[in-house]
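Here's the structure we're looking at; comments come further down.
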Amino acid sequence: MNIIKKIGIYFLLLFSLILIGYTLFIYNFTLSNGVRSGVLSKFSHKGIIFKTWEGELNEGFGATRFFPFSVQDNEENVIEDLKKYQGQYVKLEYKERIKTLPWWGDTHYFITKVIPEQSPYINSK
């Protein structure tokens, strides 16, 4: 085997290892964790090639501030909770990732838990 083929094989192996390492880093590294609260205004399954779950949380009262988010397909409980609490006041626990892959979702924010809440804007007597 000549030297050009050896260099080509080593280059492909190195490239494959870098690609695998990058993907594992993206999948496991979390930039931040947090909680957002507001009215769940939109939740849908959309996409042409990759169908992903996307939604928006209206955080503002009197002002329109939306928090866009995604949900991974393996989070069945979260998906069912978001469908159930559509239009209601909720708290959403999320993980923010540095990067995302096309089959995960459109945003960098991924919901991990849904907590139904009483709206702070409604007086309870």
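Labels used: A, B, ... for chains in the order of the structure tokens, numbers from 1 for residues in each chain, and numbers from 1 for ligands as shown.
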
- Message: Would you pick out the contacts of Thr30 in chain A at 6 Å or less, using only C-alpha atoms, so that residues sharing its chain but fewer than 2 positions from it are not included, and give the list as a list in words?
- Response: Ser32, Glu96 and Arg97 of chain A

Would you save the residues from that selection as a PDB file, in the first residue's frame, using C-alpha atoms?
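What follows is the written file selection06.pdb:
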```pdb
ATOM      1  CA  SER A  32     -27.848  26.244  30.982  1.00  0.00           C
ATOM      2  CA  GLU A  96     -30.308  25.037  26.719  1.00  0.00           C
ATOM      3  CA  ARG A  97     -27.823  23.480  24.331  1.00  0.00           C
TER       4      ARG A  97
END
```

- Could you give me, as JSON, numbers by chain, each residue of chain A that DSSP assigns to helix (DSSP H, G or I) when run on this structure's backbone? {"A": [3, 4, 5, 6, 7, 8, 9, 10, 11, 12, 13, 14, 15, 16, 17, 18, 19, 20, 21, 22, 23, 24, 25, 26, 27, 28, 76, 77, 78, 79, 80, 81, 82, 83, 84]}

Atoms kept (N, CA, C and O atoms) for selection, written as a short mmCIF file (atom, residue, chain, number, x, y, z; two decimals), in the first residue's frame:
```cif
data_model
loop_
_atom_site.label_atom_id
_atom_site.label_comp_id
_atom_site.auth_asym_id
_atom_site.auth_seq_id
_atom_site.Cartn_x
_atom_site.Cartn_y
_atom_site.Cartn_z
N ILE A 3 1.96 5.34 0.23
CA ILE A 3 1.85 6.36 1.29
C ILE A 3 0.59 7.21 1.15
O ILE A 3 0.00 7.62 2.15
N ILE A 4 0.13 7.48 -0.05
CA ILE A 4 -1.07 8.30 -0.27
C ILE A 4 -2.30 7.60 0.28
O ILE A 4 -3.14 8.22 0.93
N LYS A 5 -2.41 6.29 0.06
CA LYS A 5 -3.56 5.54 0.58
C LYS A 5 -3.54 5.52 2.10
O LYS A 5 -4.58 5.63 2.75
N LYS A 6 -2.35 5.35 2.69
CA LYS A 6 -2.24 5.34 4.15
C LYS A 6 -2.67 6.68 4.74
O LYS A 6 -3.39 6.74 5.73
N ILE A 7 -2.21 7.75 4.14
CA ILE A 7 -2.58 9.09 4.61
C ILE A 7 -4.09 9.29 4.49
O ILE A 7 -4.73 9.83 5.38
N GLY A 8 -4.66 8.84 3.38
CA GLY A 8 -6.11 8.96 3.17
C GLY A 8 -6.90 8.19 4.22
O GLY A 8 -7.89 8.69 4.76
N ILE A 9 -6.46 6.97 4.53
CA ILE A 9 -7.14 6.16 5.53
C ILE A 9 -7.03 6.81 6.90
O ILE A 9 -8.01 6.89 7.65
N TYR A 10 -5.84 7.28 7.27
CA TYR A 10 -5.66 7.95 8.57
C TYR A 10 -6.50 9.23 8.66
O TYR A 10 -7.07 9.53 9.69
N PHE A 11 -6.58 9.95 7.56
CA PHE A 11 -7.38 11.17 7.53
C PHE A 11 -8.86 10.84 7.76
O PHE A 11 -9.54 11.51 8.54
N LEU A 12 -9.37 9.80 7.09
CA LEU A 12 -10.77 9.40 7.26
C LEU A 12 -11.05 8.93 8.69
O LEU A 12 -12.09 9.25 9.26
N LEU A 13 -10.12 8.17 9.28
CA LEU A 13 -10.28 7.74 10.67
C LEU A 13 -10.29 8.92 11.62
O LEU A 13 -11.13 9.00 12.52
N LEU A 14 -9.37 9.84 11.43
CA LEU A 14 -9.31 11.03 12.28
C LEU A 14 -10.56 11.88 12.13
O LEU A 14 -11.14 12.33 13.13
N PHE A 15 -11.03 12.07 10.91
CA PHE A 15 -12.24 12.83 10.65
C PHE A 15 -13.45 12.17 11.32
O PHE A 15 -14.29 12.84 11.92
N SER A 16 -13.55 10.84 11.22
CA SER A 16 -14.65 10.11 11.84
C SER A 16 -14.63 10.27 13.36
O SER A 16 -15.67 10.48 13.99
N LEU A 17 -13.46 10.17 13.97
CA LEU A 17 -13.35 10.33 15.42
C LEU A 17 -13.73 11.75 15.85
O LEU A 17 -14.41 11.93 16.86
N ILE A 18 -13.31 12.73 15.09
CA ILE A 18 -13.67 14.12 15.40
C ILE A 18 -15.17 14.33 15.28
O ILE A 18 -15.80 14.95 16.14
N LEU A 19 -15.78 13.78 14.24
CA LEU A 19 -17.23 13.91 14.04
C LEU A 19 -18.00 13.23 15.17
O LEU A 19 -18.97 13.79 15.70
N ILE A 20 -17.59 12.04 15.56
CA ILE A 20 -18.25 11.32 16.66
C ILE A 20 -18.08 12.10 17.97
O ILE A 20 -19.03 12.27 18.73
N GLY A 21 -16.88 12.59 18.23
CA GLY A 21 -16.64 13.38 19.44
C GLY A 21 -17.47 14.65 19.48
O GLY A 21 -18.03 15.02 20.51
N TYR A 22 -17.57 15.35 18.35
CA TYR A 22 -18.37 16.57 18.26
C TYR A 22 -19.83 16.28 18.53
O TYR A 22 -20.49 17.00 19.29
N THR A 23 -20.36 15.21 17.94
CA THR A 23 -21.77 14.84 18.15
C THR A 23 -22.02 14.48 19.61
O THR A 23 -23.03 14.90 20.18
N LEU A 24 -21.14 13.72 20.23
CA LEU A 24 -21.30 13.38 21.64
C LEU A 24 -21.23 14.63 22.52
O LEU A 24 -21.97 14.76 23.49
N PHE A 25 -20.36 15.56 22.18
CA PHE A 25 -20.26 16.82 22.92
C PHE A 25 -21.55 17.61 22.83
O PHE A 25 -22.08 18.08 23.83
N ILE A 26 -22.08 17.75 21.63
CA ILE A 26 -23.34 18.49 21.43
C ILE A 26 -24.47 17.82 22.19
O ILE A 26 -25.29 18.48 22.82
N TYR A 27 -24.53 16.49 22.16
CA TYR A 27 -25.62 15.78 22.80
C TYR A 27 -25.56 15.87 24.32
O TYR A 27 -26.58 15.99 24.98
N ASN A 28 -24.38 15.83 24.89
CA ASN A 28 -24.25 15.77 26.35
C ASN A 28 -24.01 17.11 27.03
O ASN A 28 -24.24 17.23 28.22
N GLU A 76 -42.01 11.52 25.68
CA GLU A 76 -43.45 11.32 25.44
C GLU A 76 -44.31 11.96 26.53
O GLU A 76 -45.37 12.53 26.22
N ASN A 77 -43.90 11.87 27.80
CA ASN A 77 -44.68 12.46 28.89
C ASN A 77 -44.77 13.97 28.75
O ASN A 77 -45.82 14.57 28.99
N VAL A 78 -43.67 14.61 28.37
CA VAL A 78 -43.66 16.06 28.18
C VAL A 78 -44.57 16.44 27.03
O VAL A 78 -45.34 17.40 27.13
N ILE A 79 -44.53 15.70 25.94
CA ILE A 79 -45.37 15.99 24.77
C ILE A 79 -46.85 15.89 25.15
O ILE A 79 -47.65 16.78 24.83
N GLU A 80 -47.22 14.84 25.87
CA GLU A 80 -48.62 14.67 26.29
C GLU A 80 -49.05 15.78 27.25
O GLU A 80 -50.17 16.30 27.14
N ASP A 81 -48.18 16.16 28.19
CA ASP A 81 -48.51 17.25 29.11
C ASP A 81 -48.70 18.57 28.38
O ASP A 81 -49.61 19.34 28.68
N LEU A 82 -47.84 18.85 27.40
CA LEU A 82 -47.97 20.11 26.66
C LEU A 82 -49.26 20.13 25.85
O LEU A 82 -49.91 21.18 25.74
N LYS A 83 -49.65 19.01 25.29
CA LYS A 83 -50.94 18.94 24.58
C LYS A 83 -52.10 19.19 25.55
O LYS A 83 -53.05 19.89 25.23
N LYS A 84 -52.00 18.61 26.74
CA LYS A 84 -53.07 18.71 27.74
C LYS A 84 -53.21 20.13 28.30
O LYS A 84 -54.32 20.59 28.53
#
```

- Please, which residues of range 27-62 of chain A, numbered as in this document, come out strand (DSSP E or B) from DSSP, as a list in words?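 Selecting the strand (DSSP E or B) positions of range 27-62 of chain A gives Ser32, Asn33, Gly34, Val35, Arg36, Ser37, Gly38, Val39, Leu40, Ser41, Lys42, Phe43, Ser44, His45, Lys46, Thr52, Trp53, Glu54, Gly55, Glu56, Leu57 and Asn58 of chain A.
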
- Query: Near Gln88 in chain A, within 10 Å and counting only C-alpha atoms, which residues show up once chain neighbours fewer than 5 positions away are dropped, as a PyMOL selection string?
  - Reply: chain A and resi 38-41+57+82+116-119
